[in-house]
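> Quick one, start08.cif (mmCIF, C-alpha atoms):
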```cif
data_input
loop_
_atom_site.group_PDB
_atom_site.id
_atom_site.type_symbol
_atom_site.label_atom_id
_atom_site.label_comp_id
_atom_site.auth_asym_id
_atom_site.auth_seq_id
_atom_site.Cartn_x
_atom_site.Cartn_y
_atom_site.Cartn_z
ATOM 1 C CA MET A 1 -40.931 -29.838 -2.719
ATOM 2 C CA LYS A 2 -40.648 -30.479 -6.389
ATOM 3 C CA ASN A 3 -37.240 -31.396 -7.774
ATOM 4 C CA LEU A 4 -36.810 -28.802 -10.513
ATOM 5 C CA PHE A 5 -33.811 -30.524 -12.004
ATOM 6 C CA LYS A 6 -35.712 -33.620 -13.258
ATOM 7 C CA PHE A 7 -37.321 -33.343 -16.656
ATOM 8 C CA ALA A 8 -39.006 -36.254 -18.418
ATOM 9 C CA SER A 9 -38.109 -36.801 -22.044
ATOM 10 C CA ALA A 10 -39.881 -39.137 -24.454
ATOM 11 C CA GLY A 11 -39.437 -40.088 -28.071
ATOM 12 C CA PHE A 12 -42.292 -40.277 -30.565
ATOM 13 C CA VAL A 13 -42.674 -43.689 -32.241
ATOM 14 C CA VAL A 14 -44.287 -43.683 -35.654
ATOM 15 C CA LEU A 15 -45.389 -46.940 -37.257
ATOM 16 C CA GLY A 16 -46.207 -47.106 -40.950
ATOM 17 C CA PHE A 17 -48.201 -49.889 -42.436
ATOM 18 C CA ALA A 18 -48.604 -50.778 -46.120
ATOM 19 C CA SER A 19 -52.051 -51.674 -47.305
ATOM 20 C CA LEU A 20 -52.949 -55.278 -47.955
ATOM 21 C CA ALA A 21 -53.530 -55.958 -51.664
ATOM 22 C CA CYS A 22 -55.503 -59.008 -52.541
ATOM 23 C CA ALA A 23 -55.827 -59.826 -56.235
ATOM 24 C CA GLY A 24 -58.299 -62.538 -57.105
ATOM 25 C CA ALA A 25 -58.013 -62.035 -60.824
ATOM 26 C CA MET A 26 -57.746 -64.952 -63.199
ATOM 27 C CA ASP A 27 -55.015 -65.177 -65.809
ATOM 28 C CA ASP A 28 -55.895 -65.878 -69.429
ATOM 29 C CA LEU A 29 -55.684 -69.685 -68.735
ATOM 30 C CA GLY A 30 -58.238 -69.303 -65.973
ATOM 31 C CA ALA A 31 -55.759 -70.026 -63.125
ATOM 32 C CA PRO A 32 -56.324 -67.910 -60.031
ATOM 33 C CA GLN A 33 -53.499 -65.531 -59.139
ATOM 34 C CA PRO A 34 -52.105 -65.632 -55.562
ATOM 35 C CA ALA A 35 -52.976 -62.767 -53.236
ATOM 36 C CA ALA A 36 -50.288 -60.083 -52.903
ATOM 37 C CA ALA A 37 -48.101 -60.479 -49.801
ATOM 38 C CA GLN A 38 -48.676 -58.062 -46.883
ATOM 39 C CA ALA A 39 -46.044 -55.340 -46.779
ATOM 40 C CA ALA A 40 -43.719 -55.557 -43.763
ATOM 41 C CA PRO A 41 -44.267 -52.742 -41.237
ATOM 42 C CA VAL A 42 -41.707 -49.974 -41.225
ATOM 43 C CA GLN A 43 -39.493 -50.355 -38.178
ATOM 44 C CA ALA A 44 -39.776 -47.421 -35.795
ATOM 45 C CA VAL A 45 -36.553 -45.642 -34.860
ATOM 46 C CA PRO A 46 -36.871 -44.201 -31.357
ATOM 47 C CA ALA A 47 -35.922 -40.564 -31.102
ATOM 48 C CA GLU A 48 -32.772 -39.742 -29.201
ATOM 49 C CA PRO A 49 -33.710 -38.894 -25.610
ATOM 50 C CA ALA A 50 -33.501 -35.193 -24.880
ATOM 51 C CA GLN A 51 -30.589 -34.090 -22.736
ATOM 52 C CA LYS A 52 -31.532 -33.306 -19.185
ATOM 53 C CA MET A 53 -29.823 -31.495 -16.364
ATOM 54 C CA PRO A 54 -28.104 -33.814 -13.876
ATOM 55 C CA ASP A 55 -29.825 -34.158 -10.531
ATOM 56 C CA ILE A 56 -27.192 -32.311 -8.526
ATOM 57 C CA ASP A 57 -27.141 -29.802 -5.713
ATOM 58 C CA LEU A 58 -25.486 -26.663 -7.015
ATOM 59 C CA PHE A 59 -25.345 -25.242 -3.512
ATOM 60 C CA GLY A 60 -23.665 -28.131 -1.711
ATOM 61 C CA TYR A 61 -20.530 -26.036 -1.273
ATOM 62 C CA PHE A 62 -22.414 -24.073 1.385
ATOM 63 C CA GLY A 63 -22.716 -27.283 3.375
ATOM 64 C CA TYR A 64 -25.552 -29.249 4.909
ATOM 65 C CA GLY A 65 -26.984 -28.079 8.192
ATOM 66 C CA LYS A 66 -27.453 -30.415 11.145
ATOM 67 C CA ASN A 67 -29.572 -29.302 14.107
ATOM 68 C CA VAL A 68 -28.038 -30.479 17.363
ATOM 69 C CA LYS A 69 -29.809 -30.945 20.661
ATOM 70 C CA GLY A 70 -28.159 -30.413 24.008
ATOM 71 C CA VAL A 71 -28.257 -32.002 27.455
ATOM 72 C CA GLU A 72 -27.773 -29.845 30.517
ATOM 73 C CA LEU A 73 -24.629 -30.123 32.626
ATOM 74 C CA PHE A 74 -24.858 -29.541 36.350
ATOM 75 C CA GLU A 75 -22.134 -27.597 38.070
ATOM 76 C CA ALA A 76 -22.346 -29.388 41.396
ATOM 77 C CA GLU A 77 -19.087 -29.352 43.292
ATOM 78 C CA GLY A 78 -16.930 -32.291 42.340
ATOM 79 C CA SER A 79 -18.806 -32.995 39.101
ATOM 80 C CA LYS A 80 -16.810 -33.442 35.921
ATOM 81 C CA SER A 81 -18.569 -30.482 34.303
ATOM 82 C CA ALA A 82 -17.223 -28.110 36.963
ATOM 83 C CA LYS A 83 -13.891 -28.267 35.144
ATOM 84 C CA GLY A 84 -15.376 -25.872 32.579
ATOM 85 C CA VAL A 85 -15.167 -22.933 34.981
ATOM 86 C CA ALA A 86 -11.393 -22.830 34.607
ATOM 87 C CA ASP A 87 -10.917 -24.538 31.240
ATOM 88 C CA VAL A 88 -12.560 -22.208 28.723
ATOM 89 C CA VAL A 89 -11.103 -22.683 25.227
ATOM 90 C CA ALA A 90 -13.167 -20.024 23.449
ATOM 91 C CA SER A 91 -15.141 -16.996 24.637
ATOM 92 C CA VAL A 92 -17.259 -15.117 22.112
ATOM 93 C CA ASP A 93 -19.448 -12.009 22.473
ATOM 94 C CA LEU A 94 -22.411 -12.853 20.276
ATOM 95 C CA PRO A 95 -24.208 -9.480 19.818
ATOM 96 C CA PRO A 96 -21.507 -7.958 17.549
ATOM 97 C CA LEU A 97 -21.712 -11.091 15.366
ATOM 98 C CA LYS A 98 -25.469 -10.897 14.838
ATOM 99 C CA ASN A 99 -26.143 -11.491 11.114
ATOM 100 C CA ALA A 100 -22.603 -10.363 10.232
ATOM 101 C CA TYR A 101 -22.465 -13.174 7.651
ATOM 102 C CA LEU A 102 -25.020 -11.218 5.591
ATOM 103 C CA LYS A 103 -22.325 -8.660 4.774
ATOM 104 C CA PRO A 104 -19.369 -10.564 3.332
ATOM 105 C CA ALA A 105 -16.698 -9.215 1.008
ATOM 106 C CA VAL A 106 -18.773 -9.991 -2.114
ATOM 107 C CA SER A 107 -20.778 -6.868 -3.020
ATOM 108 C CA PHE A 108 -21.770 -4.295 -5.635
ATOM 109 C CA THR A 109 -22.832 -0.639 -5.505
ATOM 110 C CA THR A 110 -26.026 0.933 -6.837
ATOM 111 C CA GLY A 111 -26.140 4.117 -8.903
ATOM 112 C CA ALA A 112 -27.112 6.001 -5.750
ATOM 113 C CA GLY A 113 -23.977 4.748 -3.994
ATOM 114 C CA THR A 114 -25.614 2.110 -1.751
ATOM 115 C CA LYS A 115 -23.408 -0.902 -1.132
ATOM 116 C CA VAL A 116 -25.206 -4.225 -1.547
ATOM 117 C CA PHE A 117 -23.683 -7.352 -0.001
ATOM 118 C CA VAL A 118 -24.357 -10.804 -1.445
ATOM 119 C CA SER A 119 -24.466 -13.862 0.802
ATOM 120 C CA GLY A 120 -26.045 -17.285 0.892
ATOM 121 C CA THR A 121 -28.026 -19.061 3.573
ATOM 122 C CA LYS A 122 -30.577 -21.808 4.074
ATOM 123 C CA ALA A 123 -34.070 -21.541 5.482
ATOM 124 C CA ALA A 124 -35.054 -23.758 8.381
ATOM 125 C CA ASN A 125 -37.888 -25.308 6.378
ATOM 126 C CA CYS A 126 -39.220 -26.098 2.907
ATOM 127 C CA PRO A 127 -41.281 -23.847 0.627
ATOM 128 C CA ASP A 128 -44.490 -25.565 1.789
ATOM 129 C CA GLY A 129 -43.575 -24.979 5.432
ATOM 130 C CA GLY A 130 -42.603 -28.593 6.084
ATOM 131 C CA ASN A 131 -39.221 -30.287 6.244
ATOM 132 C CA SER A 132 -39.457 -33.057 3.671
ATOM 133 C CA CYS A 133 -37.339 -31.610 0.892
ATOM 134 C CA ALA A 134 -33.765 -31.522 -0.288
ATOM 135 C CA ASP A 135 -31.404 -28.925 1.155
ATOM 136 C CA LYS A 136 -31.185 -27.219 -2.222
ATOM 137 C CA GLU A 137 -34.887 -26.341 -1.916
ATOM 138 C CA LYS A 138 -34.057 -24.364 1.239
ATOM 139 C CA PHE A 139 -31.204 -22.331 -0.178
ATOM 140 C CA PHE A 140 -31.460 -18.562 -0.656
ATOM 141 C CA LEU A 141 -29.158 -15.871 -1.903
ATOM 142 C CA VAL A 142 -29.538 -12.787 0.259
ATOM 143 C CA LEU A 143 -28.839 -9.263 -0.964
ATOM 144 C CA THR A 144 -28.365 -6.972 2.028
ATOM 145 C CA THR A 145 -27.835 -3.245 1.726
ATOM 146 C CA ALA A 146 -25.604 -1.120 3.919
ATOM 147 C CA LYS A 147 -28.905 0.193 5.337
ATOM 148 C CA ASP A 148 -29.739 -3.353 6.575
ATOM 149 C CA GLN A 149 -32.496 -3.985 4.054
ATOM 150 C CA SER A 150 -32.444 -7.650 2.955
ATOM 151 C CA PHE A 151 -33.826 -9.210 -0.230
ATOM 152 C CA PHE A 152 -34.282 -12.985 -0.315
ATOM 153 C CA VAL A 153 -33.818 -14.733 -3.657
ATOM 154 C CA ARG A 154 -34.761 -18.408 -3.755
ATOM 155 C CA ALA A 155 -31.860 -20.025 -5.551
ATOM 156 C CA MET A 156 -33.864 -22.717 -7.352
ATOM 157 C CA ASP A 157 -35.872 -19.972 -9.071
ATOM 158 C CA ILE A 158 -32.874 -18.337 -10.746
ATOM 159 C CA ILE A 159 -30.992 -21.298 -12.209
ATOM 160 C CA ASN A 160 -30.077 -21.229 -15.891
ATOM 161 C CA TRP A 161 -28.856 -24.352 -17.669
ATOM 162 C CA GLY A 162 -28.880 -24.641 -21.443
ATOM 163 C CA ILE A 163 -32.344 -24.625 -22.969
ATOM 164 C CA PHE A 164 -33.902 -26.489 -20.067
ATOM 165 C CA MET A 165 -33.869 -23.956 -17.257
ATOM 166 C CA SER A 166 -34.115 -20.188 -17.558
ATOM 167 C CA GLY A 167 -34.736 -18.510 -14.237
ATOM 168 C CA SER A 168 -34.274 -15.016 -12.867
ATOM 169 C CA LYS A 169 -35.457 -12.705 -10.113
ATOM 170 C CA THR A 170 -35.799 -8.932 -10.399
ATOM 171 C CA ILE A 171 -35.404 -6.820 -7.298
ATOM 172 C CA THR A 172 -35.555 -3.045 -6.928
ATOM 173 C CA ILE A 173 -32.934 -1.194 -4.879
ATOM 174 C CA ASP A 174 -32.729 2.613 -4.811
ATOM 175 C CA GLY A 175 -35.367 2.687 -7.528
ATOM 176 C CA GLU A 176 -33.170 0.609 -9.868
ATOM 177 C CA LYS A 177 -34.029 -2.860 -11.145
ATOM 178 C CA TYR A 178 -31.466 -5.632 -10.746
ATOM 179 C CA VAL A 179 -31.863 -9.044 -12.375
ATOM 180 C CA VAL A 180 -30.300 -11.968 -10.470
ATOM 181 C CA LYS A 181 -29.372 -15.242 -12.211
ATOM 182 C CA VAL A 182 -27.228 -18.303 -11.556
ATOM 183 C CA TYR A 183 -25.568 -19.991 -14.537
ATOM 184 C CA ALA A 184 -25.196 -23.640 -13.564
ATOM 185 C CA ASN A 185 -21.972 -25.580 -13.975
ATOM 186 C CA ALA A 186 -23.066 -29.214 -13.670
ATOM 187 C CA SER A 187 -19.555 -30.708 -13.604
ATOM 188 C CA THR A 188 -18.192 -28.403 -10.873
ATOM 189 C CA PRO A 189 -21.240 -26.872 -9.140
ATOM 190 C CA GLU A 190 -19.195 -24.576 -6.897
ATOM 191 C CA ASN A 191 -17.981 -22.824 -10.058
ATOM 192 C CA SER A 192 -21.528 -21.922 -11.082
ATOM 193 C CA LYS A 193 -21.765 -18.189 -11.706
ATOM 194 C CA LEU A 194 -24.004 -15.683 -9.979
ATOM 195 C CA GLU A 195 -24.780 -12.673 -12.137
ATOM 196 C CA VAL A 196 -26.452 -9.467 -11.006
ATOM 197 C CA LYS A 197 -27.285 -7.156 -13.895
ATOM 198 C CA GLY A 198 -28.488 -3.603 -13.332
ATOM 199 C CA PRO A 199 -29.266 -0.530 -15.420
ATOM 200 C CA ARG A 200 -25.566 0.002 -16.211
ATOM 201 C CA GLY A 201 -24.832 -3.584 -17.133
ATOM 202 C CA VAL A 202 -23.381 -6.409 -15.046
ATOM 203 C CA ALA A 203 -23.010 -5.220 -11.444
ATOM 204 C CA LEU A 204 -21.636 -8.489 -10.067
ATOM 205 C CA ASN A 205 -20.289 -11.736 -11.488
ATOM 206 C CA SER A 206 -19.050 -14.226 -8.899
ATOM 207 C CA ASP A 207 -18.821 -17.993 -8.559
ATOM 208 C CA LEU A 208 -20.664 -19.736 -5.725
ATOM 209 C CA LYS A 209 -17.423 -20.908 -4.136
ATOM 210 C CA SER A 210 -16.251 -17.330 -3.651
ATOM 211 C CA ILE A 211 -19.552 -16.410 -2.031
ATOM 212 C CA GLY A 212 -19.447 -19.441 0.280
ATOM 213 C CA ASP A 213 -15.885 -18.683 1.368
ATOM 214 C CA ALA A 214 -16.737 -15.025 1.985
ATOM 215 C CA VAL A 215 -19.778 -15.926 4.088
ATOM 216 C CA ALA A 216 -17.806 -18.357 6.257
ATOM 217 C CA ALA A 217 -14.990 -15.856 6.696
ATOM 218 C CA LYS A 218 -17.356 -13.507 8.577
ATOM 219 C CA GLY A 219 -17.425 -15.928 11.505
ATOM 220 C CA VAL A 220 -15.105 -16.109 14.496
ATOM 221 C CA ASP A 221 -12.315 -18.688 14.597
ATOM 222 C CA VAL A 222 -12.907 -21.469 17.137
ATOM 223 C CA LYS A 223 -10.524 -24.396 17.541
ATOM 224 C CA LEU A 224 -12.006 -27.536 19.117
ATOM 225 C CA GLY A 225 -11.477 -31.069 17.812
ATOM 226 C CA GLN A 226 -11.187 -29.296 14.448
ATOM 227 C CA SER A 227 -11.261 -25.697 13.263
ATOM 228 C CA TYR A 228 -14.586 -23.870 12.891
ATOM 229 C CA LYS A 229 -16.006 -20.481 12.067
ATOM 230 C CA LEU A 230 -18.695 -19.483 14.556
ATOM 231 C CA ALA A 231 -21.584 -17.424 13.175
ATOM 232 C CA TYR A 232 -24.657 -16.004 14.894
ATOM 233 C CA GLY A 233 -27.907 -14.797 13.387
ATOM 234 C CA ASN A 234 -31.671 -14.905 13.099
ATOM 235 C CA GLU A 235 -33.376 -18.037 11.863
ATOM 236 C CA ILE A 236 -34.871 -17.747 8.364
ATOM 237 C CA VAL A 237 -38.106 -19.488 7.372
ATOM 238 C CA GLN A 238 -39.874 -19.630 4.026
ATOM 239 C CA GLY A 239 -43.395 -20.070 2.733
ATOM 240 C CA PRO A 240 -45.632 -19.182 -0.229
ATOM 241 C CA GLN A 241 -44.924 -15.479 0.323
ATOM 242 C CA GLY A 242 -41.156 -15.922 0.320
ATOM 243 C CA ALA A 243 -38.618 -15.880 3.147
ATOM 244 C CA ARG A 244 -38.381 -13.880 6.358
ATOM 245 C CA PHE A 245 -36.399 -13.639 9.582
ATOM 246 C CA THR A 246 -37.801 -14.949 12.853
ATOM 247 C CA ASP A 247 -36.863 -13.884 16.383
ATOM 248 C CA LYS A 248 -35.155 -17.224 17.003
ATOM 249 C CA MET A 249 -31.380 -16.843 17.237
ATOM 250 C CA LEU A 250 -29.003 -19.528 15.984
ATOM 251 C CA VAL A 251 -25.345 -20.274 16.596
ATOM 252 C CA LEU A 252 -23.607 -21.961 13.655
ATOM 253 C CA MET A 253 -20.362 -23.901 13.789
ATOM 254 C CA ILE A 254 -18.967 -24.121 10.249
ATOM 255 C CA PRO A 255 -15.932 -26.351 9.543
ATOM 256 C CA PHE A 256 -13.156 -24.175 8.138
ATOM 257 C CA PRO A 257 -11.533 -24.095 5.648
ATOM 258 C CA VAL A 258 -14.740 -24.730 3.742
ATOM 259 C CA VAL A 259 -14.985 -28.146 2.098
ATOM 260 C CA ASN A 260 -17.644 -28.988 -0.478
ATOM 261 C CA ALA A 261 -20.719 -30.765 0.967
ATOM 262 C CA SER A 262 -19.459 -30.616 4.558
ATOM 263 C CA THR A 263 -21.783 -30.614 7.565
ATOM 264 C CA TYR A 264 -22.204 -27.492 9.667
ATOM 265 C CA TYR A 265 -23.899 -27.501 13.057
ATOM 266 C CA ILE A 266 -26.889 -25.440 14.145
ATOM 267 C CA PHE A 267 -27.525 -24.603 17.822
ATOM 268 C CA ASN A 268 -30.647 -22.921 19.153
ATOM 269 C CA ALA A 269 -29.126 -20.111 21.229
ATOM 270 C CA SER A 270 -32.059 -20.138 23.664
ATOM 271 C CA GLU A 271 -31.215 -23.740 24.617
ATOM 272 C CA ILE A 272 -27.697 -22.883 25.775
ATOM 273 C CA THR A 273 -28.052 -22.234 29.497
ATOM 274 C CA PRO A 274 -25.785 -20.375 31.944
ATOM 275 C CA SER A 275 -25.248 -23.635 33.836
ATOM 276 C CA GLY A 276 -23.800 -25.339 30.761
ATOM 277 C CA MET A 277 -24.866 -27.648 27.956
ATOM 278 C CA GLN A 278 -23.271 -30.555 26.173
ATOM 279 C CA PHE A 279 -24.132 -31.432 22.562
ATOM 280 C CA PRO A 280 -23.403 -35.143 22.078
ATOM 281 C CA ALA A 281 -23.976 -35.006 18.302
ATOM 282 C CA PHE A 282 -21.344 -32.260 17.990
ATOM 283 C CA GLU A 283 -18.138 -32.601 20.030
ATOM 284 C CA ARG A 284 -18.723 -34.517 23.231
ATOM 285 C CA ALA A 285 -15.575 -33.259 24.940
ATOM 286 C CA TYR A 286 -16.845 -29.656 25.101
ATOM 287 C CA GLY A 287 -19.576 -27.805 26.945
ATOM 288 C CA PHE A 288 -21.313 -24.520 26.098
ATOM 289 C CA LYS A 289 -22.479 -21.719 28.389
ATOM 290 C CA LEU A 290 -24.344 -18.601 27.347
ATOM 291 C CA GLN A 291 -24.999 -15.724 29.696
ATOM 292 C CA GLY A 292 -25.431 -12.018 29.003
ATOM 293 C CA GLY A 293 -24.588 -12.494 25.327
ATOM 294 C CA LYS A 294 -21.250 -14.141 26.106
ATOM 295 C CA LEU A 295 -20.765 -17.691 24.858
ATOM 296 C CA ASP A 296 -18.093 -19.767 26.587
ATOM 297 C CA ILE A 297 -16.941 -23.115 25.202
ATOM 298 C CA TYR A 298 -15.006 -25.244 27.646
ATOM 299 C CA ARG A 299 -13.575 -28.715 28.108
ATOM 300 C CA ILE A 300 -15.571 -31.187 30.183
#
```
Starting from the file, lay out its structure as structure tokens.


Amino acid sequence: MKNLFKFASAGFVVLGFASLACAGAMDDLGAPQPAAAQAAPVQAVPAEPAQKMPDIDLFGYFGYGKNVKGVELFEAEGSKSAKGVADVVASVDLPPLKNAYLKPAVSFTTGAGTKVFVSGTKAANCPDGGNSCADKEKFFLVLTTAKDQSFFVRAMDIINWGIFMSGSKTITIDGEKYVVKVYANASTPENSKLEVKGPRGVALNSDLKSIGDAVAAKGVDVKLGQSYKLAYGNEIVQGPQGARFTDKMLVLMIPFPVVNASTYYIFNASEITPSGMQFPAFERAYGFKLQGGKLDIYRI
């Protein structure tokens, strides 16, 4: 994935040379005159390098995802993992949470009265389908209507910064065109502004921090070794044709309150078995069970 923030700048060096004048004329006494000295070259003054946008991740406030793999726990009588049957610390019904993060408090309303929610998320892969790219290349803003129609806007395509970047995306909702832009704040990226402008002017103006906080707030509180918001939703992948949902369901554990550039944890819901799983890269003292849509987290 190309890093759109890096622009090369070069100065133009111009060298001027004076012509060499050689006079072989004789004076009136017949003495030869010395040749004229070669003019010194004009020293080039390099042009000032053009300003360039810092190589930063504007969307780091949304965190960096870490996929975690589990190992199965066996509930044989007398095993340590059997403690989980009576020591559940959190029990969450996942179906009501499905994709709830797509409808946070940040929203606007179309002329036809349709509410449009604005959230942010990251695809599981890179634009070329691989995984060798920065997290910022995976980030999308998602506009979801109250009718559950979602529009994916690749964030790197809508960044505006001075004269160097001028991006936007136009989407049509209820027959109206809305132009989506992000105005970058290089010094405090979380204060970068998202603007949605429609036929009646600016429909939404919000900083990225507010969107990130609103997205996280849609999760369920879970207290383990630290406090988390638990979210549940379909995996999103991207490719040349844009982004789309897959049937794969993910459980996210997001440290809360949100801290810039923190790590959140991604669990493949299909890997969490009824007999119990431990995720050593997450919190080793807890096990996870999933059965009939109910997720139990327990001490082991």

> Please provide as JSON, numbers by chain all residues within 12 Å of stretch 105-110 of chain A, with the sequence filter that same-chain residues fewer than 3 positions apart are discarded (counting all atoms listed in the file).

{"A": [100, 101, 102, 113, 114, 115, 116, 117, 118, 119, 120, 141, 142, 143, 144, 145, 146, 172, 173, 174, 175, 176, 177, 178, 194, 195, 196, 197, 198, 199, 200, 201, 202, 203, 204, 205, 206, 207, 208, 209, 210, 211, 212, 213, 214, 215, 216, 217, 218]}

> Evaluate the PyMOL selection byres ((chain A and resi 128) around 9) against this structure - the residues, as a CSV table (one decimal) with C-alpha atoms, keeping the file's coordinate frame, please.


```csv
chain,number,residue,atom,x,y,z
A,1,MET,CA,-40.9,-29.8,-2.7
A,125,ASN,CA,-37.9,-25.3,6.4
A,126,CYS,CA,-39.2,-26.1,2.9
A,127,PRO,CA,-41.3,-23.8,0.6
A,129,GLY,CA,-43.6,-25.0,5.4
A,130,GLY,CA,-42.6,-28.6,6.1
A,131,ASN,CA,-39.2,-30.3,6.2
A,238,GLN,CA,-39.9,-19.6,4.0
A,239,GLY,CA,-43.4,-20.1,2.7
A,240,PRO,CA,-45.6,-19.2,-0.2
```

> Skipping near chain neighbours, those fewer than 6 positions away, what residues fall within 10 Å of A:Ile236 using only C-alpha atoms, listed as a PyMOL selection string?

chain A and resi 121-125+138+140+152+243-250

> Pick out the closest residue to A:Asp296 from this set: A:Val179, A:Glu283, A:Met277, A:Gly60. Count all atoms listed in the file.

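Comparing A:Val179, A:Glu283, A:Met277, A:Gly60 against A:Asp296, the winner is A:Met277.
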
> Which one of A:Glu137, A:Asp221, A:Glu271, A:Glu235 sits closest to A:Ile254 if you count only C-alpha atoms?

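Under the stated criterion, the closest residue is A:Asp221.
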
> How close does stretch 176-219 of chain A get to stretch 153-159 of chain A? List, as CSV, each residue of stretch 176-219 of chain A within 7 Å, its nearest atom pair and the distance in Å to one decimal, counting all atoms listed in the file.


```
residue,atom,partner,partner_atom,distance
A:Val180,CA,A:Ile158,CA,6.9
A:Lys181,CA,A:Ile158,CA,4.9
A:Val182,CA,A:Ile159,CA,4.9
A:Tyr183,CA,A:Ile159,CA,6.0
A:Ala184,CA,A:Ile159,CA,6.4
```

> Run the PyMOL selection byres ((chain A and resi 276) around 8) mentally over the shown coordinates, then write out the matched residues as a list of chain:residue names, using the chain letters and numbers from the document.

A:Glu72, A:Leu73, A:Phe74, A:Glu75, A:Ile272, A:Thr273, A:Pro274, A:Ser275, A:Met277, A:Gln278, A:Gly287, A:Phe288, A:Lys289, A:Leu290

> With all atoms of stretch 170-178 of chain A from the file as input, state the centre and edge lengths in Å to one decimal of the axis-aligned box that has 5 Å extra on each side, as JSON.


```
{"center_x": -33.6, "center_y": -3.1, "center_z": -8.0, "size_x": 14.3, "size_y": 21.6, "size_z": 16.3}
```

> Determine the residue set returned by the PyMOL selection byres ((chain A and resi 229) around 9) for the present structure, and present it as a PyMOL selection string.

chain A and resi 216-223+227-228+230-231+252-257

> Just how far from atom CA of A:Lys294 is atom CA of A:Asp87, in Å to one decimal?

15.5 Å

> For A:Val251, work out the shell of residues within 8 Å, counting all atoms listed in the file and skipping chain neighbours fewer than 3 positions away, then give it as a VMD selection string.

chain A and resid 230 to 233 266 to 269

> What does the distance from atom CA of A:Asn260 to atom CA of A:Phe62 come to in Å, to one decimal?

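Atom-to-atom, atom CA of A:Asn260 and atom CA of A:Phe62 are spaced 7.1 Å apart.
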
> What is the atom CA of A:Pro95 to atom CA of A:Gln291 distance in Å?

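One can read the atom CA of A:Pro95 to atom CA of A:Gln291 distance as 11.7 Å.
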
> Compare A:Leu94, A:Val89, A:Leu224, A:Ile56 by their minimum atom-to-atom distance to A:Ala134, counting only C-alpha atoms, and give me the closest one.

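When distances to A:Ala134 are compared using only C-alpha atoms, the smallest one comes from A:Ile56.
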
> From the set A:Pro280, A:Gly293, A:Gly167, A:Pro189, which residue has the shortest atom-to-atom contact distance to A:Phe59, counting all atoms listed in the file?

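That would be A:Pro189, the residue with the smallest distance to A:Phe59.
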
> Which residue out of A:Phe279, A:Ala261, A:Lys169, A:Ser270 has the minimum interatomic distance to A:Gly292 when all atoms listed in the file are used?

A:Ser270

> Point out the residue among A:Val237, A:Ala281, A:Ala90, A:Ala186 with the least atom-to-atom distance to A:Val68, counting all atoms listed in the file.

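Closest to A:Val68 of all the choices is A:Ala281.
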